[in-house]
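> Handing over start.cif, mmCIF, C-alpha atoms.
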data_run
loop_
_atom_site.label_atom_id
_atom_site.label_comp_id
_atom_site.auth_asym_id
_atom_site.auth_seq_id
_atom_site.Cartn_x
_atom_site.Cartn_y
_atom_site.Cartn_z
CA MET A 21 16.15 19.44 29.49
CA VAL A 22 17.51 22.79 28.36
CA LYS A 23 17.67 21.67 24.75
CA ILE A 24 14.12 20.32 24.85
CA SER A 25 12.76 23.54 26.33
CA THR A 26 14.62 25.60 23.73
CA ILE A 27 13.22 23.55 20.86
CA TYR A 28 9.70 23.71 22.31
CA PHE A 29 9.94 27.48 22.76
CA SER A 30 11.25 27.90 19.20
CA SER A 31 8.40 25.80 17.80
CA LEU A 32 5.79 27.90 19.61
CA THR A 33 7.43 31.08 18.37
CA ILE A 34 7.38 29.83 14.78
CA LEU A 35 3.77 28.70 15.13
CA ARG A 36 2.65 32.11 16.38
CA ALA A 37 4.61 33.89 13.66
CA MET A 38 3.17 31.72 10.90
CA SER A 39 -0.34 32.13 12.33
CA ILE A 40 -0.02 35.92 12.13
CA PHE A 41 1.53 35.70 8.67
CA SER A 42 -1.26 33.45 7.37
CA SER A 43 -3.94 35.81 8.69
CA ILE A 44 -2.35 38.71 6.80
CA ILE A 45 -1.94 36.75 3.58
CA GLY A 46 -5.51 35.49 3.88
CA ASN A 47 -6.82 38.92 2.86
CA PHE A 48 -5.04 38.71 -0.47
CA ALA A 49 -5.16 35.06 -1.42
CA ARG A 50 -7.96 32.60 -1.86
CA LYS A 51 -8.45 30.18 1.03
CA ARG A 52 -8.95 26.44 0.82
CA ALA A 53 -11.23 24.48 3.14
CA VAL A 54 -9.46 21.95 5.39
CA THR A 55 -11.30 19.86 7.97
CA VAL A 56 -9.34 18.79 11.06
CA ALA A 57 -10.73 15.97 13.16
CA PRO A 58 -10.72 16.23 16.97
CA THR A 59 -7.77 14.86 18.87
CA GLY A 60 -7.82 11.42 20.42
CA SER A 61 -5.57 8.82 21.95
CA VAL A 62 -3.88 6.01 20.06
CA VAL A 63 -3.51 2.86 22.11
CA THR A 64 -0.46 0.73 21.34
CA PRO A 65 -1.03 -2.99 21.94
CA PRO A 66 1.38 -4.82 24.25
CA PRO A 67 4.30 -6.47 22.44
CA VAL A 68 4.54 -10.24 22.18
CA ASP A 69 8.04 -11.66 22.27
CA TYR A 70 8.68 -14.42 19.73
CA GLY A 71 12.41 -13.94 20.03
CA LEU A 72 12.46 -11.77 16.90
CA PRO A 73 11.85 -8.01 16.53
CA VAL A 74 8.61 -7.08 14.76
CA CYS A 75 8.83 -3.81 12.87
CA ASN A 76 8.23 -2.53 9.35
CA SER A 77 11.67 -3.55 8.10
CA THR A 78 11.32 -7.13 9.36
CA ALA A 79 7.68 -7.39 8.21
CA MET A 80 8.68 -6.47 4.67
CA LYS A 81 10.99 -9.51 4.68
CA ILE A 82 7.98 -11.79 5.02
CA THR A 83 7.31 -12.93 1.47
CA ALA A 84 3.51 -12.83 1.79
CA PHE A 85 3.53 -9.34 3.32
CA TYR A 86 5.95 -8.05 0.69
CA ALA A 87 3.88 -9.60 -2.11
CA GLY A 88 0.64 -8.14 -0.72
CA ILE A 89 2.05 -4.63 -0.40
CA ARG A 90 3.48 -4.83 -3.90
CA LEU A 91 0.18 -6.15 -5.28
CA ILE A 92 -1.81 -3.20 -3.93
CA SER A 93 0.72 -0.44 -4.59
CA GLU A 94 1.54 -1.45 -8.16
CA ASN A 95 -2.11 -1.87 -9.12
CA ILE A 96 -2.99 1.61 -7.85
CA ALA A 97 0.11 3.16 -9.42
CA SER A 98 -0.80 1.63 -12.78
CA LEU A 99 -4.28 3.21 -12.86
CA PRO A 100 -4.90 6.17 -15.18
CA ARG A 101 -5.30 9.42 -13.23
CA THR A 102 -6.96 12.59 -14.37
CA VAL A 103 -8.43 15.90 -13.25
CA ARG A 104 -11.94 16.62 -14.48
CA GLN A 105 -14.05 19.77 -14.55
CA ARG A 106 -17.81 19.79 -14.10
CA THR A 107 -19.62 21.56 -16.95
CA ASP A 108 -23.17 21.72 -18.26
CA LYS A 109 -22.28 18.79 -20.53
CA GLY A 110 -20.87 16.71 -17.69
CA LEU A 111 -17.31 16.02 -16.62
CA VAL A 112 -14.57 17.01 -19.09
CA ALA A 113 -10.81 16.57 -18.81
CA ALA A 114 -9.07 19.59 -17.26
CA SER A 115 -5.56 18.93 -18.53
CA ASP A 116 -4.69 22.63 -18.27
CA HIS A 117 -5.16 22.67 -14.49
CA PRO A 118 -1.86 22.63 -12.51
CA ALA A 119 -3.05 19.65 -10.46
CA TYR A 120 -3.34 17.49 -13.58
CA ARG A 121 0.39 17.49 -14.27
CA LEU A 122 1.22 16.69 -10.63
CA VAL A 123 -1.29 13.84 -10.34
CA ALA A 124 -1.03 12.26 -13.78
CA VAL A 125 2.25 13.28 -15.41
CA ARG A 126 5.11 14.17 -13.06
CA PRO A 127 4.84 15.21 -9.41
CA ASN A 128 8.43 16.50 -9.12
CA ASP A 129 11.71 16.64 -11.01
CA TYR A 130 13.18 13.45 -9.54
CA THR A 131 10.19 11.05 -9.45
CA ASN A 132 7.87 9.86 -12.19
CA SER A 133 4.16 9.46 -11.52
CA PHE A 134 4.19 5.64 -11.31
CA ASP A 135 7.00 5.49 -8.74
CA PHE A 136 5.46 8.37 -6.79
CA TRP A 137 2.09 6.65 -6.28
CA ASN A 138 3.74 3.26 -5.86
CA CYS A 139 5.85 4.71 -3.05
CA LEU A 140 2.97 6.52 -1.32
CA THR A 141 0.68 3.48 -1.47
CA THR A 142 3.46 1.27 -0.08
CA TRP A 143 3.84 3.59 2.90
CA LEU A 144 0.08 3.82 3.34
CA GLU A 145 -0.39 0.05 3.46
CA GLY A 146 2.82 -0.76 5.34
CA TRP A 147 3.09 2.17 7.78
CA GLY A 148 -0.55 3.28 7.93
CA ASN A 149 0.38 6.83 6.86
CA ALA A 150 1.74 8.43 3.70
CA TYR A 151 2.86 12.04 3.29
CA ALA A 152 3.74 14.42 0.47
CA ILE A 153 4.72 18.09 0.64
CA ILE A 154 2.87 20.50 -1.64
CA LYS A 155 5.16 23.23 -2.97
CA ARG A 156 3.28 26.26 -4.27
CA GLY A 157 4.01 29.19 -6.50
CA ALA A 158 3.55 32.86 -5.65
CA ASP A 159 -0.11 32.65 -6.68
CA GLY A 160 -0.75 29.74 -4.30
CA LYS A 161 -1.17 27.16 -7.06
CA PRO A 162 0.58 23.79 -6.55
CA VAL A 163 3.76 23.36 -8.59
CA SER A 164 5.24 20.12 -7.21
CA LEU A 165 4.62 17.22 -4.82
CA HIS A 166 7.43 15.67 -2.73
CA GLN A 167 7.05 12.34 -0.94
CA VAL A 168 8.28 12.14 2.67
CA HIS A 169 8.82 8.91 4.61
CA PRO A 170 6.47 8.56 7.62
CA SER A 171 9.44 8.29 9.98
CA ASN A 172 10.63 11.78 8.95
CA ILE A 173 7.46 13.70 9.75
CA SER A 174 5.40 14.46 12.84
CA SER A 175 2.22 16.45 13.36
CA THR A 176 0.61 18.57 16.04
CA ILE A 177 -2.49 20.68 16.60
CA SER A 178 -2.11 24.33 17.62
CA ASN A 179 -5.01 26.78 17.97
CA GLY A 180 -7.28 24.48 16.01
CA ARG A 181 -4.88 24.17 13.06
CA ARG A 182 -2.78 21.25 11.91
CA TRP A 183 1.01 21.61 11.60
CA TYR A 184 3.65 19.18 10.35
CA ARG A 185 7.34 19.10 11.22
CA VAL A 186 9.57 17.56 8.53
CA ILE A 187 13.08 16.45 9.46
CA ILE A 188 14.85 14.43 6.74
CA PRO A 189 18.37 13.24 7.65
CA ASP A 190 19.37 12.86 4.00
CA SER A 191 21.39 15.96 3.09
CA GLY A 192 20.17 15.77 -0.49
CA LEU A 193 16.60 16.36 0.65
CA SER A 194 17.30 18.63 3.61
CA TRP A 195 15.85 21.58 1.68
CA LEU A 196 12.43 20.02 2.38
CA ASN A 197 12.91 20.30 6.15
CA GLY A 198 10.76 22.77 8.01
CA LEU A 199 7.36 23.46 9.52
CA TYR A 200 4.33 23.17 7.23
CA SER A 201 0.67 23.95 7.72
CA GLY A 202 -1.91 21.23 7.14
CA ASP A 203 -2.84 22.91 3.84
CA ASP A 204 0.57 22.12 2.39
CA ILE A 205 0.86 18.44 3.36
CA LEU A 206 -0.95 15.58 1.70
CA HIS A 207 -1.63 13.13 4.53
CA PHE A 208 -3.17 9.80 3.57
CA MET A 209 -4.26 7.58 6.47
CA LEU A 210 -5.29 3.96 6.68
CA LEU A 211 -7.39 2.93 9.69
CA THR A 212 -7.37 5.80 12.20
CA LEU A 213 -8.59 5.96 15.80
CA ASP A 214 -8.46 9.73 16.23
CA GLY A 215 -8.65 11.23 12.74
CA LEU A 216 -5.11 12.59 13.11
CA VAL A 217 -2.77 9.67 12.47
CA GLY A 218 -3.22 6.26 10.90
CA VAL A 219 -2.71 2.98 12.72
CA ASN A 220 0.49 1.17 11.84
CA PRO A 221 -0.74 -2.28 10.66
CA VAL A 222 2.57 -3.93 11.53
CA ILE A 223 2.48 -2.78 15.16
CA TYR A 224 -1.19 -3.61 15.62
CA ASN A 225 -0.72 -7.06 14.09
CA ALA A 226 2.62 -7.80 15.73
CA ILE A 227 1.34 -11.07 17.18
CA ALA A 228 0.43 -12.56 13.80
CA LEU A 229 3.49 -11.18 12.00
CA GLY A 230 5.80 -12.22 14.86
CA LYS A 231 4.44 -15.74 14.63
CA ASN A 232 5.11 -15.64 10.90
CA LEU A 233 8.73 -14.59 11.46
CA ALA A 234 9.19 -17.24 14.15
CA THR A 235 7.77 -19.89 11.81
CA GLU A 236 10.22 -18.93 9.08
CA LYS A 237 13.13 -18.97 11.54
CA PHE A 238 12.08 -22.36 12.86
CA GLY A 239 11.82 -23.70 9.32
CA SER A 240 15.26 -22.39 8.47
CA GLU A 241 16.81 -24.03 11.52
CA PHE A 242 14.86 -27.24 10.89
CA TYR A 243 16.16 -27.60 7.35
CA THR A 244 19.67 -26.48 8.35
CA ARG A 245 19.78 -29.44 10.72
CA LYS A 246 18.47 -31.58 7.85
CA GLY A 247 15.26 -32.22 9.73
CA ASN A 248 14.61 -33.33 13.27
CA ILE A 249 17.12 -35.21 15.45
CA ARG A 250 17.58 -38.46 13.60
CA ALA A 251 18.75 -40.70 16.43
CA VAL A 252 20.03 -40.90 19.99
CA MET A 253 22.62 -43.18 21.60
CA GLU A 254 21.88 -44.84 24.93
CA THR A 255 24.08 -46.49 27.53
CA ASP A 256 23.34 -48.03 30.90
CA GLY A 257 26.47 -46.67 32.47
CA ASN A 258 27.92 -43.21 32.92
CA LEU A 259 30.80 -42.25 30.60
CA GLY A 260 33.51 -39.99 31.83
CA ASP A 261 34.73 -37.07 29.83
CA ASP A 262 37.73 -38.89 28.40
CA ALA A 263 35.70 -41.94 27.37
CA TYR A 264 32.96 -39.76 25.87
CA ASN A 265 35.41 -37.69 23.82
CA LYS A 266 37.22 -40.79 22.52
CA PHE A 267 33.94 -42.49 21.59
CA MET A 268 32.62 -39.42 19.71
CA GLU A 269 35.92 -39.09 17.87
CA HIS A 270 35.80 -42.73 16.73
CA PHE A 271 32.09 -42.55 15.91
CA LYS A 272 32.41 -39.41 13.72
CA ALA A 273 35.44 -40.81 11.93
CA ALA A 274 33.65 -44.07 11.14
CA SER A 275 30.42 -42.41 10.00
CA GLU A 276 32.14 -39.77 7.82
CA GLY A 277 30.04 -39.27 4.72
CA ASN A 278 27.37 -41.65 6.09
CA PHE A 279 29.13 -44.62 4.41
CA GLY A 280 31.18 -46.01 7.33
CA THR A 281 30.03 -48.57 9.87
CA PRO A 282 30.81 -47.26 13.35
CA LEU A 283 31.66 -49.63 16.19
CA LEU A 284 29.57 -48.89 19.26
CA GLU A 285 31.70 -49.28 22.38
CA TYR A 286 30.91 -49.17 26.11
CA GLY A 287 27.58 -50.91 25.61
CA ILE A 288 26.14 -47.93 23.71
CA LYS A 289 23.00 -48.57 21.66
CA TYR A 290 21.89 -46.58 18.59
CA LYS A 291 18.19 -45.68 18.61
CA GLN A 292 16.66 -44.13 15.52
CA LEU A 293 13.89 -41.51 15.89
CA SER A 294 11.04 -40.58 13.55
CA VAL A 295 10.37 -37.00 12.42
CA ASN A 296 8.42 -34.92 14.92
CA PRO A 297 4.87 -34.59 13.49
CA VAL A 298 4.67 -30.94 14.63
CA ALA A 299 7.92 -30.10 12.84
CA ALA A 300 6.73 -31.90 9.74
CA GLN A 301 3.71 -29.52 9.46
CA LEU A 302 5.80 -26.54 8.39
CA ILE A 303 3.94 -26.23 5.10
CA GLN A 304 0.59 -26.01 6.90
CA SER A 305 1.99 -23.41 9.30
CA GLU A 306 3.26 -21.32 6.40
CA THR A 307 -0.18 -21.55 4.74
CA LEU A 308 -1.85 -20.22 7.88
CA SER A 309 0.72 -17.40 8.02
CA ILE A 310 -0.12 -16.37 4.44
CA GLN A 311 -3.79 -16.30 5.34
CA ASP A 312 -3.01 -14.03 8.31
CA VAL A 313 -1.22 -11.60 6.00
CA ALA A 314 -4.12 -11.72 3.53
CA ARG A 315 -6.50 -10.70 6.33
CA ILE A 316 -4.21 -7.88 7.47
CA LEU A 317 -3.84 -6.40 3.98
CA ASN A 318 -7.41 -7.27 2.92
CA VAL A 319 -6.35 -9.11 -0.23
CA PRO A 320 -7.62 -12.43 -1.62
CA PRO A 321 -5.25 -15.23 -0.57
CA HIS A 322 -4.87 -16.54 -4.12
CA MET A 323 -3.30 -13.21 -5.17
CA ILE A 324 -0.35 -13.83 -2.84
CA ALA A 325 0.06 -17.45 -3.99
CA GLU A 326 -2.14 -19.25 -1.45
CA LEU A 327 -4.30 -21.49 -3.62
CA SER A 328 -5.44 -24.13 -1.13
CA HIS A 329 -9.11 -23.06 -1.38
CA ALA A 330 -9.04 -21.47 -4.84
CA THR A 331 -11.11 -22.80 -7.73
CA PHE A 332 -11.63 -21.62 -11.30
CA SER A 333 -15.09 -20.36 -10.38
CA ASN A 334 -14.31 -18.37 -7.24
CA ILE A 335 -11.02 -16.79 -8.36
CA GLU A 336 -12.88 -14.49 -10.77
CA HIS A 337 -15.24 -13.32 -8.02
CA GLN A 338 -12.35 -12.84 -5.57
CA THR A 339 -10.60 -10.67 -8.15
CA ILE A 340 -13.70 -8.51 -8.51
CA GLN A 341 -13.90 -8.25 -4.72
CA PHE A 342 -10.24 -7.17 -4.65
CA VAL A 343 -11.10 -4.19 -6.84
CA GLU A 344 -14.31 -3.33 -4.96
CA TYR A 345 -13.30 -3.90 -1.35
CA THR A 346 -9.52 -3.41 -1.35
CA LEU A 347 -8.55 -0.95 -4.07
CA ARG A 348 -11.63 1.27 -4.13
CA PRO A 349 -11.46 2.37 -0.44
CA ILE A 350 -7.75 3.19 -0.83
CA ILE A 351 -8.40 5.16 -4.00
CA LYS A 352 -11.21 7.05 -2.27
CA ARG A 353 -8.78 8.08 0.47
CA LEU A 354 -6.36 9.39 -2.13
CA GLU A 355 -9.02 11.25 -4.11
CA VAL A 356 -10.57 12.96 -1.08
CA GLU A 357 -7.23 14.24 0.23
CA LEU A 358 -6.12 15.44 -3.22
CA ARG A 359 -9.45 17.15 -3.78
CA THR A 360 -9.19 18.90 -0.41
CA LYS A 361 -5.61 20.13 -0.70
CA LEU A 362 -4.94 20.76 -4.42
CA PHE A 363 -7.97 22.94 -5.21
CA PHE A 364 -8.90 26.36 -3.90
CA GLU A 365 -12.14 26.75 -2.01
CA ASP A 366 -13.97 28.21 -5.01
CA GLU A 367 -12.73 25.27 -7.14
CA VAL A 368 -14.06 22.55 -4.83
CA GLY A 369 -17.09 21.00 -6.51
CA LYS A 370 -16.02 22.28 -9.93
CA TYR A 371 -12.89 20.15 -10.27
CA ASP A 372 -12.28 16.59 -9.21
CA VAL A 373 -9.41 14.08 -9.16
CA GLU A 374 -10.13 10.57 -10.38
CA PHE A 375 -8.22 7.29 -10.36
CA GLU A 376 -9.91 5.32 -13.12
CA LEU A 377 -10.48 1.74 -11.98
CA GLY A 378 -11.46 0.90 -15.54
CA GLY A 379 -7.74 0.79 -16.26
CA LEU A 380 -7.63 -2.64 -14.61
CA LEU A 381 -9.64 -3.95 -17.57
CA ARG A 382 -6.63 -3.36 -19.79
CA GLY A 383 -5.24 -6.65 -18.57
CA ASP A 384 -8.29 -8.55 -19.89
CA THR A 385 -8.83 -8.14 -23.63
CA ALA A 386 -12.14 -10.00 -23.69
CA ALA A 387 -13.67 -7.98 -20.83
CA ARG A 388 -12.38 -4.72 -22.29
CA SER A 389 -13.77 -5.52 -25.74
CA ASN A 390 -17.16 -6.45 -24.29
CA TYR A 391 -17.27 -3.24 -22.23
CA TYR A 392 -16.48 -1.03 -25.23
CA HIS A 393 -18.94 -2.91 -27.43
CA ASN A 394 -21.81 -2.34 -25.01
CA ALA A 395 -20.77 1.27 -24.38
CA ILE A 396 -20.89 2.09 -28.10
CA LEU A 397 -24.14 0.28 -28.85
CA ASP A 398 -25.88 1.67 -25.75
CA GLY A 399 -24.94 5.16 -26.84
CA TYR A 400 -23.01 6.48 -23.83
CA MET A 401 -19.58 6.38 -25.54
CA SER A 402 -18.55 7.30 -29.05
CA ARG A 403 -16.15 5.24 -31.13
CA ASN A 404 -13.55 8.00 -30.92
CA GLU A 405 -13.79 8.02 -27.13
CA VAL A 406 -13.03 4.31 -27.16
CA ARG A 407 -10.08 4.86 -29.51
CA GLU A 408 -8.75 7.52 -27.15
CA LEU A 409 -8.90 5.12 -24.20
CA GLU A 410 -6.93 2.62 -26.26
CA GLY A 411 -4.30 5.21 -27.18
CA LEU A 412 -5.44 5.53 -30.80
CA GLN A 413 -6.01 8.73 -32.79
CA HIS A 414 -9.48 10.06 -33.54
CA LYS A 415 -11.02 9.28 -36.93
CA ASP A 416 -13.42 11.47 -38.86
CA GLY A 417 -17.05 10.44 -38.57
CA LEU A 418 -16.61 8.42 -35.40
CA ASP A 419 -17.85 11.06 -32.96
CA ASP A 420 -21.52 10.26 -33.63
CA MET A 421 -23.34 8.37 -30.90
CA LEU A 422 -24.92 5.05 -31.89
CA TYR A 423 -27.87 3.30 -30.33
CA PRO A 424 -30.00 0.28 -31.30
CA LEU A 425 -32.99 1.16 -33.43
CA ASN A 426 -35.29 -0.88 -31.22
CA SER A 427 -34.23 1.29 -28.25
CA GLY A 428 -35.09 4.66 -29.81
CA VAL A 429 -37.93 6.94 -28.76
CA VAL A 430 -41.21 5.51 -30.03
CA GLY A 431 -42.49 7.40 -33.08
CA LYS A 432 -39.45 9.67 -33.43
CA GLU A 433 -37.89 7.88 -36.38
CA ILE A 434 -41.30 7.60 -38.12
CA ASN A 435 -41.93 11.31 -37.78
CA ASN A 436 -38.51 12.09 -39.19
CA ASP A 437 -39.22 9.89 -42.20
CA ASN A 438 -42.56 11.57 -42.81
CA ASP A 439 -40.91 15.02 -42.65
CA GLY A 440 -38.54 13.95 -45.41
#
Kindly present the structure from the file in structure tokens form.


Amino acid sequence: MVKISTIYFSSLTILRAMSIFSSIIGNFARKRAVTVAPTGSVVTPPPVDYGLPVCNSTAMKITAFYAGIRLISENIASLPRTVRQRTDKGLVAASDHPAYRLVAVRPNDYTNSFDFWNCLTTWLEGWGNAYAIIKRGADGKPVSLHQVHPSNISSTISNGRRWYRVIIPDSGLSWLNGLYSGDDILHFMLLTLDGLVGVNPVIYNAIALGKNLATEKFGSEFYTRKGNIRAVMETDGNLGDDAYNKFMEHFKAASEGNFGTPLLEYGIKYKQLSVNPVAAQLIQSETLSIQDVARILNVPPHMIAELSHATFSNIEHQTIQFVEYTLRPIIKRLEVELRTKLFFEDEVGKYDVEFELGGLLRGDTAARSNYYHNAILDGYMSRNEVRELEGLQHKDGLDDMLYPLNSGVVGKEINNDNDG
């Protein structure tokens, strides 16, 4: 109790000191707007015992859950990311802004951008929360982002402000430990009941995931025994221990390798059994488990190898729905938090962070070609802009916008000809 009181007193002392310090600095530095939701209670559902522990580490060993998490995280990590500035001519790339390098190029010295967003999205989908520390320079501008596992961070509200305590046991990252204000922590949440912390999908779906683990364990034991009990031996009398042991010894010796013909003594009869129909439905049980995981992660079942109801016609529509209803809400969460924390208050509305979903078209040459073709002919993209998206250099004379002659302004081309 003494240690707990000491830690609590130290935390309050630090909080008050940092509050005073931030009020002094606020007169000299630009402030950023941060909205903190009201507090609420998070209700933990009662555990269901399937004989196996249900936690994030065991859930990740479920093949469907692992595949679903990987599907979402790798797709988001592979998207092009950029920072744009609003101008009179529309949105233009702001590659000179400090946030651009952190979001699109390299967030820190030990993690590349793909692994960084892959890691954060994995935590977001698997743990319901993902965190990253924002390190700033003397001018308050962000200089690096550092991912922190959800188990190593906790949050609290004090005097209407959000604070995060980071405690990382790894000595190599202990320099990240400390108390941070809400302005300096990127906190991405999945479903939330109080606006302060995200719901852990594994804990809230422990019943379904526990059933999945129990099904896999049952299947393993079933196949280890080479199926159900194959036969029983019956006798009208009661064998003593000595007679039973001698009979089993003779029976096993005679049936070694399943080629011998055992002699049944003591009036014992061999009765063969059929496979239990319930045990024989393991494949159907595993299919239902995959569908449970698909519902939890909000992914189309065919994307985690459940093709029982998939057809050539509906797979395309399910893929489109995956982008619209699975990836887009997650990306919106990322963009809103980045926009709130990486820009100063006077930059909000002028700069924006974007994850370009159009990058998913890169996997489909026909769709990408059709999109570019229409964009050029409809006049909202130049040929050089298309070349830039494809990683090609600009060519002279390809910056002019094209449009179909039958879509021009009526009379404009005629007037131009008459003027000539």

> Using all atoms listed in the file, find the one residue out of A:Met268, A:Leu196, A:Leu229, A:Val112 that sits nearest to A:Ile310.

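Looking at the shortest contact to A:Ile310, the residue is A:Leu229.
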
> Mind pulling up the distance from atom CA of A:Gly148 to atom CA of A:Ile340?

24.1 Å

> Taking all atoms listed in the file into account, name the residue in A:Ser178, A:Asn172, A:Asn232, A:Thr360 that is nearest to A:Gln311.

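Closest to A:Gln311, using all atoms listed in the file: A:Asn232.
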
> May I ask which of the residues A:Leu409, A:Val252, A:Ala386, A:Val222 is the closest one to A:Cys75, counting only C-alpha atoms?

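Answer, going by the shortest atom-to-atom distance: A:Val222.
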
> Go ahead and find all residues with at least one atom no further than 8 Å from (1.7, 22.5, 11.7) in the file's coordinates, using all atoms listed in the file; report them as a tab-separated table (two decimals) with C-alpha atoms, in the coordinates of the input.


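What landed in out.tsv:
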chain	number	residue	atom	x	y	z
A	35	LEU	CA	3.77	28.70	15.13
A	175	SER	CA	2.22	16.45	13.36
A	176	THR	CA	0.61	18.57	16.04
A	177	ILE	CA	-2.49	20.68	16.60
A	178	SER	CA	-2.11	24.33	17.62
A	181	ARG	CA	-4.88	24.17	13.06
A	182	ARG	CA	-2.78	21.25	11.91
A	183	TRP	CA	1.01	21.61	11.60
A	184	TYR	CA	3.65	19.18	10.35
A	185	ARG	CA	7.34	19.10	11.22
A	199	LEU	CA	7.36	23.46	9.52
A	200	TYR	CA	4.33	23.17	7.23
A	201	SER	CA	0.67	23.95	7.72
A	202	GLY	CA	-1.91	21.23	7.14

> (2.4, 13.4, 1.1) in this file's frame - what residues fall within 7 Å of it? Use all atoms listed in the file and give the answer as a list in words.

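Counting all atoms listed in the file, I find these residues within 7 Å of (2.4, 13.4, 1.1): Ala150, Tyr151, Ala152, Ile153, His166, Gln167, Val168, Ile205, Leu206 and His207 of chain A.
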
> Take atom CA of A:Trp143 and atom CA of A:Ser98 and report the distance between them in Å, one decimal.

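If I compute the distance from atom CA of A:Trp143 to atom CA of A:Ser98, I get 16.5 Å.
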
> Rounded to one decimal place, report the atom CA of A:Leu193-atom CA of A:Phe136 distance in Å.

15.6 Å

> Would you pick out the contacts of A:Asn132 at 12 Å or less, using all atoms listed in the file, so that residues sharing its chain but fewer than 2 positions from it are not included, and give the list as a count of residues only?

22

> If you count all atoms listed in the file, which residues fall within 9 Å of A:Leu362, apart from same-chain ones fewer than 5 positions away, as a list in words?

Arg52, Pro118, Ala119, Ile154, Lys161, Pro162, Asp203, Asp204, Leu206 and Glu357 of chain A
